[in-house]
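*Asks:* My structure is stored as input16.csv, with CSV, C-alpha atoms.
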```
chain,number,residue,atom,x,y,z
S,1,MET,CA,98.5,98.5,61.5
S,2,GLU,CA,96.0,101.0,60.3
S,3,ALA,CA,94.0,100.8,63.6
S,4,GLY,CA,97.3,101.4,65.5
S,5,TRP,CA,98.0,104.6,63.5
S,6,ILE,CA,94.4,105.8,64.2
S,7,ARG,CA,94.9,105.3,67.9
S,8,ASP,CA,98.2,107.2,67.8
S,9,ALA,CA,96.6,110.1,65.9
S,10,VAL,CA,93.8,110.2,68.4
S,11,ALA,CA,96.3,110.3,71.3
S,12,PHE,CA,98.2,113.1,69.7
S,13,ALA,CA,95.1,115.1,68.8
S,14,VAL,CA,93.5,114.8,72.2
S,15,ALA,CA,96.7,115.9,74.0
S,16,LEU,CA,97.2,118.8,71.6
S,17,VAL,CA,93.7,120.1,72.0
S,18,CYS,CA,93.8,119.8,75.8
S,19,VAL,CA,97.0,121.9,76.0
S,20,LEU,CA,95.6,124.5,73.6
S,21,ALA,CA,92.5,124.7,75.7
S,22,LEU,CA,94.1,124.6,79.1
S,23,VAL,CA,97.1,126.9,78.8
S,24,PRO,CA,95.2,130.2,78.2
S,25,LEU,CA,93.0,129.4,81.2
S,26,ILE,CA,95.9,128.5,83.4
S,27,ARG,CA,97.7,131.6,82.3
S,28,ARG,CA,94.8,133.8,83.3
S,29,LEU,CA,94.5,132.1,86.7
S,30,CYS,CA,98.2,132.6,87.3
S,31,VAL,CA,97.8,136.3,86.5
S,32,ARG,CA,94.8,136.5,88.8
S,33,TRP,CA,96.5,134.7,91.7
S,34,ARG,CA,99.9,136.3,90.9
S,35,ILE,CA,101.7,133.0,90.4
S,36,PHE,CA,104.8,134.2,88.5
S,37,ASP,CA,108.4,133.2,87.8
S,38,GLN,CA,110.0,136.4,89.0
S,39,PRO,CA,113.1,137.9,87.3
S,40,GLY,CA,116.3,137.4,89.2
S,41,GLU,CA,120.1,136.8,89.0
S,42,LEU,CA,119.5,133.2,87.8
S,43,LYS,CA,116.8,134.1,85.3
S,44,ILE,CA,117.0,135.3,81.7
S,45,HIS,CA,113.6,137.0,81.6
S,46,ARG,CA,113.1,140.6,82.7
S,47,GLU,CA,109.5,140.6,83.7
S,48,PRO,CA,107.3,138.2,85.7
S,49,ILE,CA,106.0,135.2,83.6
S,50,PRO,CA,103.2,132.8,84.6
S,51,ARG,CA,104.7,129.5,85.6
S,52,LEU,CA,102.2,126.7,86.0
S,53,GLY,CA,102.2,125.4,82.4
S,54,GLY,CA,103.1,122.0,83.7
S,55,VAL,CA,99.5,121.6,84.9
S,56,ALA,CA,98.3,121.7,81.3
S,57,ILE,CA,101.0,119.3,80.2
S,58,VAL,CA,100.2,116.6,82.7
S,59,PHE,CA,96.5,116.8,82.1
S,60,ALA,CA,97.0,116.7,78.3
S,61,LEU,CA,99.4,113.7,78.6
S,62,ALA,CA,97.0,111.8,80.8
S,63,ALA,CA,94.0,112.6,78.5
S,64,GLY,CA,95.9,111.5,75.4
S,65,VAL,CA,96.9,108.2,77.0
S,66,VAL,CA,93.4,107.5,78.5
S,67,SER,CA,91.7,108.2,75.2
S,68,THR,CA,93.4,105.2,73.6
S,69,GLN,CA,94.3,103.0,76.6
S,70,HIS,CA,91.2,103.3,78.7
S,71,ASN,CA,91.1,99.6,79.2
S,72,ALA,CA,94.7,99.4,80.5
S,73,ARG,CA,94.8,98.1,84.0
S,74,GLY,CA,97.4,96.7,86.4
S,75,SER,CA,100.7,98.1,85.1
S,76,GLY,CA,98.9,101.2,83.9
S,77,PHE,CA,97.9,102.0,87.5
S,78,PHE,CA,101.6,101.9,88.6
S,79,SER,CA,102.7,104.2,85.7
S,80,ALA,CA,99.9,106.7,86.5
S,81,ALA,CA,100.7,106.7,90.2
S,82,ALA,CA,104.3,107.3,89.4
S,83,LEU,CA,103.5,110.2,87.1
S,84,VAL,CA,101.2,111.8,89.7
S,85,LEU,CA,103.8,111.5,92.4
S,86,VAL,CA,106.6,113.1,90.4
S,87,TRP,CA,104.2,115.8,89.1
S,88,LEU,CA,102.9,116.6,92.5
S,89,ALA,CA,106.4,117.2,93.9
S,90,GLY,CA,107.1,119.6,91.1
S,91,PHE,CA,103.7,121.3,91.5
S,92,VAL,CA,104.3,121.9,95.2
S,93,ASP,CA,107.8,123.1,94.4
S,94,ASP,CA,106.4,125.7,92.0
S,95,LEU,CA,104.1,127.0,94.7
S,96,ARG,CA,106.2,126.7,97.9
S,97,GLU,CA,109.8,125.7,96.8
S,98,LEU,CA,110.0,122.1,98.0
S,99,GLY,CA,113.5,121.0,99.2
S,100,PRO,CA,115.7,118.8,97.0
S,101,PRO,CA,115.5,115.8,99.4
S,102,PHE,CA,111.7,115.7,99.1
S,103,ARG,CA,111.9,116.0,95.3
S,104,LEU,CA,114.4,113.1,95.2
S,105,LEU,CA,112.1,111.0,97.4
S,106,ALA,CA,109.3,111.5,94.9
S,107,GLN,CA,111.5,110.6,92.0
S,108,ILE,CA,112.7,107.4,93.8
S,109,GLY,CA,109.1,106.6,94.6
S,110,GLY,CA,108.2,107.0,90.9
S,111,ALA,CA,111.0,104.8,89.9
S,112,MET,CA,110.0,102.0,92.3
S,113,LEU,CA,106.4,102.2,91.1
S,114,LEU,CA,107.5,101.8,87.5
S,115,TYR,CA,109.7,98.8,88.6
S,116,ALA,CA,106.6,97.3,90.4
S,117,GLY,CA,104.6,97.8,87.2
S,118,GLY,CA,107.2,95.9,85.1
S,119,TRP,CA,109.1,98.8,83.5
S,120,ARG,CA,112.7,98.0,84.3
S,121,VAL,CA,116.2,99.1,83.1
S,122,MET,CA,117.4,95.6,82.8
S,123,PHE,CA,117.0,92.2,84.3
S,124,PHE,CA,119.5,91.7,87.2
S,125,SER,CA,119.9,88.7,89.5
S,126,SER,CA,119.9,91.0,92.5
S,127,THR,CA,116.6,92.8,93.0
S,128,ALA,CA,118.2,95.4,95.3
S,129,PHE,CA,120.8,96.3,92.6
S,130,ALA,CA,118.1,96.4,89.9
S,131,ILE,CA,116.0,98.9,92.0
S,132,VAL,CA,119.1,101.1,92.7
S,133,VAL,CA,119.9,101.3,88.9
S,134,GLN,CA,116.2,102.0,88.2
S,135,CYS,CA,116.2,104.9,90.6
S,136,LEU,CA,119.4,106.4,89.2
S,137,PHE,CA,118.0,106.1,85.7
S,138,VAL,CA,114.8,107.9,86.5
S,139,ILE,CA,116.6,110.5,88.7
S,140,LEU,CA,119.0,111.3,85.9
S,141,PHE,CA,116.4,111.9,83.3
S,142,VAL,CA,114.0,113.8,85.5
S,143,ASN,CA,116.7,116.3,86.7
S,144,ALA,CA,118.3,116.6,83.3
S,145,PHE,CA,115.1,117.9,81.9
S,146,ASN,CA,114.5,120.1,84.9
S,147,PHE,CA,117.9,121.7,84.2
S,148,LEU,CA,117.0,122.0,80.6
S,149,ASP,CA,114.1,124.3,81.3
S,150,GLY,CA,116.2,127.4,81.7
S,151,ALA,CA,115.6,128.9,78.2
S,152,ASP,CA,112.4,129.5,76.3
S,153,GLY,CA,111.2,126.6,74.2
S,154,LEU,CA,114.1,124.2,74.9
S,155,ALA,CA,112.5,121.6,77.2
S,156,ALA,CA,109.2,121.3,75.3
S,157,GLY,CA,110.8,121.3,71.8
S,158,ILE,CA,113.6,118.8,72.6
S,159,THR,CA,111.1,116.5,74.4
S,160,ALA,CA,108.8,116.7,71.3
S,161,ALA,CA,111.7,115.6,69.1
S,162,ILE,CA,112.5,112.7,71.4
S,163,ALA,CA,108.9,111.7,71.6
S,164,LEU,CA,108.7,111.7,67.8
S,165,GLY,CA,111.8,109.6,67.6
S,166,TYR,CA,110.2,106.9,69.8
S,167,ALA,CA,106.8,107.2,68.1
S,168,ALA,CA,107.6,107.3,64.4
S,169,MET,CA,111.1,106.0,63.7
S,170,PRO,CA,111.0,102.7,61.8
S,171,GLY,CA,112.1,99.7,63.9
S,172,VAL,CA,111.8,101.4,67.2
S,173,GLY,CA,109.5,99.1,69.0
S,174,LEU,CA,107.4,100.2,72.0
S,175,SER,CA,104.5,98.6,73.7
S,176,ALA,CA,101.0,99.8,72.9
S,177,PHE,CA,101.0,101.7,76.1
S,178,GLY,CA,104.4,103.2,75.3
S,179,TYR,CA,103.2,104.4,71.9
S,180,ALA,CA,100.3,106.0,73.5
S,181,VAL,CA,102.6,107.9,75.9
S,182,ALA,CA,104.9,108.9,73.1
S,183,TRP,CA,102.2,110.3,70.8
S,184,SER,CA,100.4,112.0,73.7
S,185,LEU,CA,103.7,113.5,74.9
S,186,LEU,CA,104.4,114.8,71.4
S,187,GLY,CA,100.9,116.4,71.2
S,188,ALA,CA,101.3,118.0,74.6
S,189,CYS,CA,104.7,119.4,73.8
S,190,VAL,CA,103.8,120.7,70.4
S,191,GLY,CA,100.7,122.5,71.8
S,192,PHE,CA,102.7,123.9,74.7
S,193,LEU,CA,105.4,125.1,72.4
S,194,ILE,CA,103.0,127.5,70.8
S,195,PHE,CA,102.9,129.4,74.1
S,196,ASN,CA,106.5,128.7,75.2
S,197,PHE,CA,108.5,129.3,72.0
S,198,PRO,CA,110.7,132.4,72.4
S,199,PRO,CA,109.5,134.8,73.7
S,200,ALA,CA,107.6,132.6,76.1
S,201,LYS,CA,104.2,133.7,77.3
S,202,ILE,CA,104.1,131.0,80.1
S,203,PHE,CA,106.6,128.7,81.7
S,204,MET,CA,106.0,125.0,82.5
S,205,GLY,CA,107.7,125.2,85.9
S,206,ASP,CA,109.1,122.2,87.7
S,207,SER,CA,105.7,120.5,87.5
S,208,GLY,CA,106.2,120.4,83.7
S,209,SER,CA,109.9,119.8,83.3
S,210,THR,CA,109.9,116.9,85.8
S,211,VAL,CA,107.0,115.3,84.0
S,212,LEU,CA,108.8,115.6,80.7
S,213,GLY,CA,111.9,114.0,82.1
S,214,PHE,CA,109.9,111.3,83.7
S,215,SER,CA,108.0,110.6,80.5
S,216,VAL,CA,111.2,110.3,78.5
S,217,ALA,CA,112.6,107.9,81.2
S,218,PHE,CA,109.4,105.9,80.9
S,219,MET,CA,109.7,105.6,77.1
S,220,GLY,CA,113.3,104.5,77.5
S,221,LEU,CA,112.3,101.8,80.0
S,222,ASP,CA,109.5,100.7,77.7
S,223,PHE,CA,111.8,100.5,74.8
S,224,ILE,CA,114.4,98.5,76.7
S,225,GLY,CA,111.6,96.1,77.9
S,226,ALA,CA,110.1,95.7,74.5
S,227,ARG,CA,113.4,94.7,72.9
S,228,GLY,CA,114.2,92.2,75.7
S,229,PRO,CA,117.6,91.0,77.0
S,230,GLY,CA,118.8,90.0,73.5
S,231,GLY,CA,119.5,93.5,72.3
S,232,ALA,CA,120.7,94.9,75.7
S,233,ALA,CA,123.6,97.1,74.5
S,234,SER,CA,121.7,98.8,71.6
S,235,SER,CA,118.6,99.0,73.8
S,236,TRP,CA,120.6,101.0,76.4
S,237,LEU,CA,122.2,103.2,73.8
S,238,PHE,CA,119.1,104.4,72.1
S,239,PRO,CA,117.5,106.2,75.1
S,240,PHE,CA,120.7,107.8,76.0
S,241,LEU,CA,121.6,108.9,72.5
S,242,LEU,CA,118.2,110.3,71.9
S,243,ALA,CA,118.3,112.4,75.1
S,244,ALA,CA,122.1,113.0,74.9
S,245,LEU,CA,121.9,116.8,74.9
S,246,PRO,CA,120.1,117.3,78.3
S,247,LEU,CA,121.8,114.3,79.9
S,248,LEU,CA,125.3,115.5,79.1
S,249,ASP,CA,124.4,119.0,80.1
S,250,ALA,CA,123.2,117.7,83.5
S,251,LEU,CA,126.3,115.5,84.0
S,252,VAL,CA,128.7,118.3,83.1
S,253,VAL,CA,126.9,120.8,85.3
S,254,VAL,CA,126.6,118.5,88.3
S,255,THR,CA,130.3,117.4,88.0
S,256,ARG,CA,131.4,121.0,87.9
S,257,ARG,CA,129.4,121.9,91.0
S,258,VAL,CA,130.6,119.0,93.0
S,259,MET,CA,134.2,119.7,92.0
S,260,LYS,CA,133.7,123.3,93.3
S,261,ARG,CA,132.3,121.9,96.5
S,262,ARG,CA,128.8,123.2,95.8
S,263,SER,CA,125.5,121.5,96.1
S,264,PRO,CA,124.5,119.8,92.8
S,265,PHE,CA,121.1,121.4,93.3
S,266,GLN,CA,122.4,125.0,93.7
S,267,GLY,CA,121.3,126.7,90.5
S,268,ASP,CA,123.7,128.7,88.2
S,269,ARG,CA,123.8,130.0,84.7
S,270,GLY,CA,126.5,127.6,83.5
S,271,HIS,CA,124.4,125.4,81.3
S,272,PHE,CA,125.2,124.9,77.6
S,273,TYR,CA,122.4,127.2,76.5
S,274,ASP,CA,123.6,130.0,78.8
S,275,TYR,CA,127.0,130.0,77.0
S,276,PHE,CA,125.3,130.4,73.6
S,277,LEU,CA,123.0,133.1,74.8
S,278,ALA,CA,125.9,135.0,76.4
S,279,ALA,CA,127.7,134.7,73.1
S,280,GLY,CA,124.9,136.5,71.3
S,281,TRP,CA,122.8,133.7,69.9
S,282,PRO,CA,119.1,134.6,69.6
S,283,ALA,CA,116.9,132.4,71.7
S,284,ARG,CA,114.9,131.2,68.7
S,285,ARG,CA,118.0,130.2,66.8
S,286,LEU,CA,119.3,128.3,69.8
S,287,ALA,CA,116.0,126.5,70.3
S,288,ILE,CA,115.7,125.4,66.6
S,289,CYS,CA,119.4,124.2,66.5
S,290,CYS,CA,118.8,122.1,69.6
S,291,TYR,CA,115.7,120.6,68.0
S,292,PHE,CA,117.6,119.6,64.9
S,293,LEU,CA,120.6,118.3,66.9
S,294,THR,CA,118.2,116.1,68.9
S,295,GLY,CA,116.7,114.8,65.7
S,296,PHE,CA,120.2,114.1,64.4
S,297,LEU,CA,121.1,112.2,67.6
S,298,GLY,CA,117.8,110.2,67.1
S,299,LEU,CA,118.9,109.1,63.6
S,300,LEU,CA,122.3,108.1,65.0
S,301,GLY,CA,120.5,106.1,67.7
S,302,TRP,CA,118.4,104.4,65.1
S,303,PHE,CA,121.5,103.5,63.2
S,304,ALA,CA,123.0,102.0,66.5
S,305,VAL,CA,119.9,99.9,67.0
S,306,GLN,CA,119.9,98.6,63.5
S,307,ARG,CA,123.7,97.8,63.2
S,308,GLY,CA,124.2,95.6,66.2
S,309,ILE,CA,126.1,95.7,69.5
S,310,LYS,CA,129.7,96.4,68.5
S,311,ARG,CA,129.0,99.2,66.1
S,312,SER,CA,126.5,100.6,68.6
S,313,LEU,CA,129.0,100.7,71.4
S,314,ILE,CA,131.7,102.4,69.2
S,315,LEU,CA,129.2,104.9,67.8
S,316,GLY,CA,127.7,105.6,71.2
S,317,VAL,CA,131.1,106.2,72.9
S,318,GLY,CA,132.2,108.3,70.0
S,319,ILE,CA,129.2,110.6,70.0
S,320,PHE,CA,129.1,111.0,73.7
S,321,GLY,CA,132.9,111.8,73.7
S,322,ALA,CA,132.5,114.3,70.9
S,323,LEU,CA,129.6,116.1,72.6
S,324,VAL,CA,131.5,116.2,76.0
S,325,VAL,CA,134.6,117.7,74.3
S,326,THR,CA,132.5,120.2,72.3
S,327,GLY,CA,130.6,121.2,75.4
S,328,LEU,CA,133.8,121.7,77.5
S,329,TYR,CA,135.5,123.6,74.6
S,330,SER,CA,132.4,125.9,74.1
S,331,GLY,CA,132.2,126.5,77.8
S,332,ALA,CA,135.8,127.5,78.1
S,333,ARG,CA,135.6,129.9,75.2
S,334,ARG,CA,132.5,131.6,76.5
S,335,GLN,CA,133.4,132.0,80.2
S,336,GLY,CA,134.7,135.5,79.5
S,337,ALA,CA,131.5,136.5,77.8
S,338,MET,CA,129.4,135.1,80.6
S,339,ARG,CA,131.1,137.4,83.2
S,340,HIS,CA,130.2,140.4,81.1
S,341,SER,CA,126.6,139.4,80.2
S,342,ARG,CA,123.3,139.8,81.8
S,343,TYR,CA,123.2,135.9,81.4
S,344,ARG,CA,125.7,135.8,84.2
S,345,ALA,CA,126.8,132.4,85.6
S,346,GLN,CA,128.2,131.5,89.0
S,347,LEU,CA,131.4,130.0,87.6
```
The structure in this file should be written as structure tokens.

*Replies:*
Amino acid sequence: MEAGWIRDAVAFAVALVCVLALVPLIRRLCVRWRIFDQPGELKIHREPIPRLGGVAIVFALAAGVVSTQHNARGSGFFSAAALVLVWLAGFVDDLRELGPPFRLLAQIGGAMLLYAGGWRVMFFSSTAFAIVVQCLFVILFVNAFNFLDGADGLAAGITAAIALGYAAMPGVGLSAFGYAVAWSLLGACVGFLIFNFPPAKIFMGDSGSTVLGFSVAFMGLDFIGARGPGGAASSWLFPFLLAALPLLDALVVVTRRVMKRRSPFQGDRGHFYDYFLAAGWPARRLAICCYFLTGFLGLLGWFAVQRGIKRSLILGVGIFGALVVTGLYSGARRQGAMRHSRYRAQL
């Protein structure tokens, strides 16, 4: 037990130090090479901001995992290859705006690599069906966190809260590799948040947000696999409850776009955080409230895991329903403010 906590602390510290060392360097390089996220109609910042923080995040995450799992082979190769594939697509998109089909192909490839490595949503009799579900699972998480990265500090802080939920909550079992990912991800996000908390000095870009979403999906798969088929219902609920905020935002936004016959990948300012910013919430208050809400959802998810299948299902449906109703109600009340704000949405 003590040795395990030492390994976890090492993973966290290595990832944290790597981010703190790399972000200032990457920021200077972005300024020198003029790699900025430019202001625009769909942006909330008013001046160019360096945008390649995801490079620091992925290197810190990898360094933290390798520092404690350097003997991992086999399945570790598949997870590393999947991470690199998803990150590379995001990195290219940050530089040259890669089209949605290519990004989706990278996410599907990452999901299949995880499946080949043994990280699977659930055991199905049909391999083809299992792979389809696996791909949908990964795509949902990756894009939900990509959508979340539209306001300073949200993606890094919420991911840190989720990683802490997996890493430190009693009774939440992960594999040794999964714990290394959780603690490394926590260290990387905490370190990056120092530079990204409002007002942000650097953005993570798609190369960062997609890596965060992929890592959260990986921890969910690892959690499901560690609990086995016996706790299937509560195993499914915990990853979705813990990440309910970005997942529900993504589902509501995509549904609205499809209903209006627009591409799900066509950006707008109609996310939950846009409504609150338009209503006058300071960016820091919004970020902190989202961190606490994610922590609260983590506690509810832990309760679901501990209390069994029936109570878990009732609790999960209730929480998801309440969040959907709250989100729709908040959006309806704030549409007028959005039309008269600099945080304008394409509603």

*Asks:* Scan for residues within 10 Å of the point (99.3, 98.7, 84.7) in the coordinates of the file, using all atoms listed in the file, and reply as number ranges by chain.

*Replies:* S: 71-81, 114, 116-119, 177

*Asks:* With only C-alpha atoms counted, which protein, DNA or RNA residues have an atom no more than 12 Å from (116.0, 128.7, 67.4) in the file frame? Please answer as a list in words.

*Replies:*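 Collected hits near the coordinates: Ala151, Asp152, Gly153, Leu154, Gly157, Ile158, Phe197, Pro198, Pro199, Tyr273, Phe276, Leu277, Trp281, Pro282, Ala283, Arg284, Arg285, Leu286, Ala287, Ile288, Cys289, Cys290, Tyr291, Phe292 and Leu293 of chain S.
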
*Asks:* For atom CA of Phe147 of chain S and atom CA of Ile202 of chain S, determine how far apart the two atoms are, in Å to one decimal place.

*Replies:*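 We find that atom CA of Phe147 of chain S and atom CA of Ile202 of chain S lie 17.1 Å from each other.
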
*Asks:* Point out the residue among S:Tyr115, S:Phe91, S:Phe192, S:Phe137 with the least atom-to-atom distance to Pro24 of chain S, counting all atoms listed in the file.

*Replies:* S:Phe192

*Asks:* Near Arg32 of chain S, within 12 Å and counting all atoms listed in the file, which residues show up once chain neighbours fewer than 6 positions away are dropped, as a ChimeraX atom specification?

*Replies:* /S:25-26,50

*Asks:* Report as a list in words all protein, DNA and RNA residues lying within 10 Å of segment 35-46 of chain S, evaluated on all atoms listed in the file, omitting residues in the same chain fewer than 4 positions from it.

*Replies:*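 Here the answer would be Arg27, Arg28, Leu29, Cys30, Val31, Pro50, Arg51, Leu52, Asp94, Leu95, Gly150, Ala151, Asp152, Pro199, Ala200, Ile202, Phe203, Gly205, Gly267, Asp268, Arg269, Gly270, Asp274, Leu277, Arg342, Tyr343, Arg344, Ala345 and Gln346 of chain S.
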
*Asks:* What does the distance from atom CA of Ala130 of chain S to atom CA of Ser207 of chain S come to in Å, to one decimal?

*Replies:*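 Atom-to-atom, atom CA of Ala130 of chain S to atom CA of Ser207 of chain S, that is 27.2 Å.
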
*Asks:* Give me, please, the distance in Å between atom CA of Ser215 of chain S and atom CA of Tyr275 of chain S, quoted to one decimal.

*Replies:* 27.4 Å

*Asks:* Which is closest to Gln134 of chain S among S:Pro264, S:Gly191, S:Gly178, S:Gly110, if we use only C-alpha atoms?

*Replies:*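 When distances to Gln134 of chain S are compared using only C-alpha atoms, the smallest one comes from S:Gly110.
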
*Asks:* Segment 239-243 of chain S: which residues within 7 Å, counting all atoms listed in the file, same-chain residues fewer than 4 positions away excluded, as an MDAnalysis selection string?

*Replies:* chainID S and resid 162 220 247 294 297:298 301

*Asks:* Neighbours of Ala15 of chain S within 9 Å (all atoms listed in the file; same-chain residues fewer than 3 positions away dropped), as a PyMOL selection string?

*Replies:* chain S and resi 10-12+18-20+57+59-65+183-189+191

*Asks:* Using only C-alpha atoms, determine which residues lie at most 8 Å from Tyr166 of chain S, disregarding the query and same-chain residues fewer than 4 positions distant; provide the list as a short mmCIF file (atom, residue, chain, number, x, y, z; two decimals) with C-alpha atoms, in the frame of the given file.

*Replies:*
```cif
data_model
loop_
_atom_site.label_atom_id
_atom_site.label_comp_id
_atom_site.auth_asym_id
_atom_site.auth_seq_id
_atom_site.Cartn_x
_atom_site.Cartn_y
_atom_site.Cartn_z
CA ILE S 162 112.50 112.70 71.40
CA VAL S 172 111.80 101.40 67.20
CA GLY S 173 109.50 99.10 69.00
CA LEU S 174 107.40 100.20 72.00
CA TYR S 179 103.20 104.40 71.90
CA ALA S 182 104.90 108.90 73.10
CA MET S 219 109.70 105.60 77.10
#
```

*Asks:* Point out the residue among S:Gln266, S:Thr159, S:Asn196, S:Thr127 with the least atom-to-atom distance to Met112 of chain S, counting only C-alpha atoms.

*Replies:* S:Thr127

*Asks:* Let me make sure I understand: among S:Ala250, S:Leu16, S:Val305, S:Val23, which one has the smallest atom-to-atom distance to Asn143 of chain S if we use all atoms listed in the file?

*Replies:*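 Nearest to Asn143 of chain S: S:Ala250.
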
*Asks:* Can you complete the atoms of segment 130-144 of chain S to N, CA, C and O atoms and list them as an mmCIF file, in the coordinates of the input?

*Replies:*
```
data_model
loop_
_atom_site.group_PDB
_atom_site.id
_atom_site.type_symbol
_atom_site.label_atom_id
_atom_site.label_comp_id
_atom_site.auth_asym_id
_atom_site.auth_seq_id
_atom_site.Cartn_x
_atom_site.Cartn_y
_atom_site.Cartn_z
ATOM 1 N N ALA S 130 118.980 96.028 91.030
ATOM 2 C CA ALA S 130 118.100 96.400 89.900
ATOM 3 C C ALA S 130 117.312 97.688 90.307
ATOM 4 O O ALA S 130 117.143 98.610 89.500
ATOM 5 N N ILE S 131 116.824 97.736 91.533
ATOM 6 C CA ILE S 131 116.000 98.900 92.000
ATOM 7 C C ILE S 131 116.910 100.128 92.085
ATOM 8 O O ILE S 131 116.487 101.237 91.720
ATOM 9 N N VAL S 132 118.153 99.953 92.560
ATOM 10 C CA VAL S 132 119.100 101.100 92.700
ATOM 11 C C VAL S 132 119.348 101.673 91.264
ATOM 12 O O VAL S 132 119.304 102.887 91.049
ATOM 13 N N VAL S 133 119.632 100.799 90.295
ATOM 14 C CA VAL S 133 119.900 101.300 88.900
ATOM 15 C C VAL S 133 118.646 101.937 88.359
ATOM 16 O O VAL S 133 118.741 102.972 87.690
ATOM 17 N N GLN S 134 117.488 101.371 88.627
ATOM 18 C CA GLN S 134 116.200 102.000 88.200
ATOM 19 C C GLN S 134 116.060 103.382 88.718
ATOM 20 O O GLN S 134 115.697 104.311 87.979
ATOM 21 N N CYS S 135 116.320 103.547 90.001
ATOM 22 C CA CYS S 135 116.200 104.900 90.600
ATOM 23 C C CYS S 135 117.144 105.871 90.033
ATOM 24 O O CYS S 135 116.771 107.017 89.749
ATOM 25 N N LEU S 136 118.389 105.458 89.834
ATOM 26 C CA LEU S 136 119.400 106.400 89.200
ATOM 27 C C LEU S 136 118.988 106.748 87.826
ATOM 28 O O LEU S 136 119.174 107.898 87.408
ATOM 29 N N PHE S 137 118.458 105.809 87.075
ATOM 30 C CA PHE S 137 118.000 106.100 85.700
ATOM 31 C C PHE S 137 116.938 107.147 85.690
ATOM 32 O O PHE S 137 117.026 108.130 84.936
ATOM 33 N N VAL S 138 115.929 106.986 86.512
ATOM 34 C CA VAL S 138 114.800 107.900 86.500
ATOM 35 C C VAL S 138 115.276 109.291 87.075
ATOM 36 O O VAL S 138 114.923 110.350 86.524
ATOM 37 N N ILE S 139 116.079 109.285 88.136
ATOM 38 C CA ILE S 139 116.600 110.500 88.700
ATOM 39 C C ILE S 139 117.381 111.323 87.679
ATOM 40 O O ILE S 139 117.246 112.548 87.552
ATOM 41 N N LEU S 140 118.233 110.634 86.928
ATOM 42 C CA LEU S 140 119.000 111.300 85.900
ATOM 43 C C LEU S 140 118.172 111.991 84.877
ATOM 44 O O LEU S 140 118.372 113.171 84.553
ATOM 45 N N PHE S 141 117.196 111.288 84.346
ATOM 46 C CA PHE S 141 116.400 111.900 83.300
ATOM 47 C C PHE S 141 115.491 113.001 83.836
ATOM 48 O O PHE S 141 115.373 114.061 83.191
ATOM 49 N N VAL S 142 114.893 112.806 84.989
ATOM 50 C CA VAL S 142 114.000 113.800 85.500
ATOM 51 C C VAL S 142 114.768 115.131 85.776
ATOM 52 O O VAL S 142 114.329 116.224 85.382
ATOM 53 N N ASN S 143 115.927 115.038 86.400
ATOM 54 C CA ASN S 143 116.700 116.300 86.700
ATOM 55 C C ASN S 143 117.346 116.859 85.507
ATOM 56 O O ASN S 143 117.512 118.087 85.436
ATOM 57 N N ALA S 144 117.727 116.032 84.536
ATOM 58 C CA ALA S 144 118.300 116.600 83.300
ATOM 59 C C ALA S 144 117.313 117.476 82.593
ATOM 60 O O ALA S 144 117.674 118.560 82.099
#
```
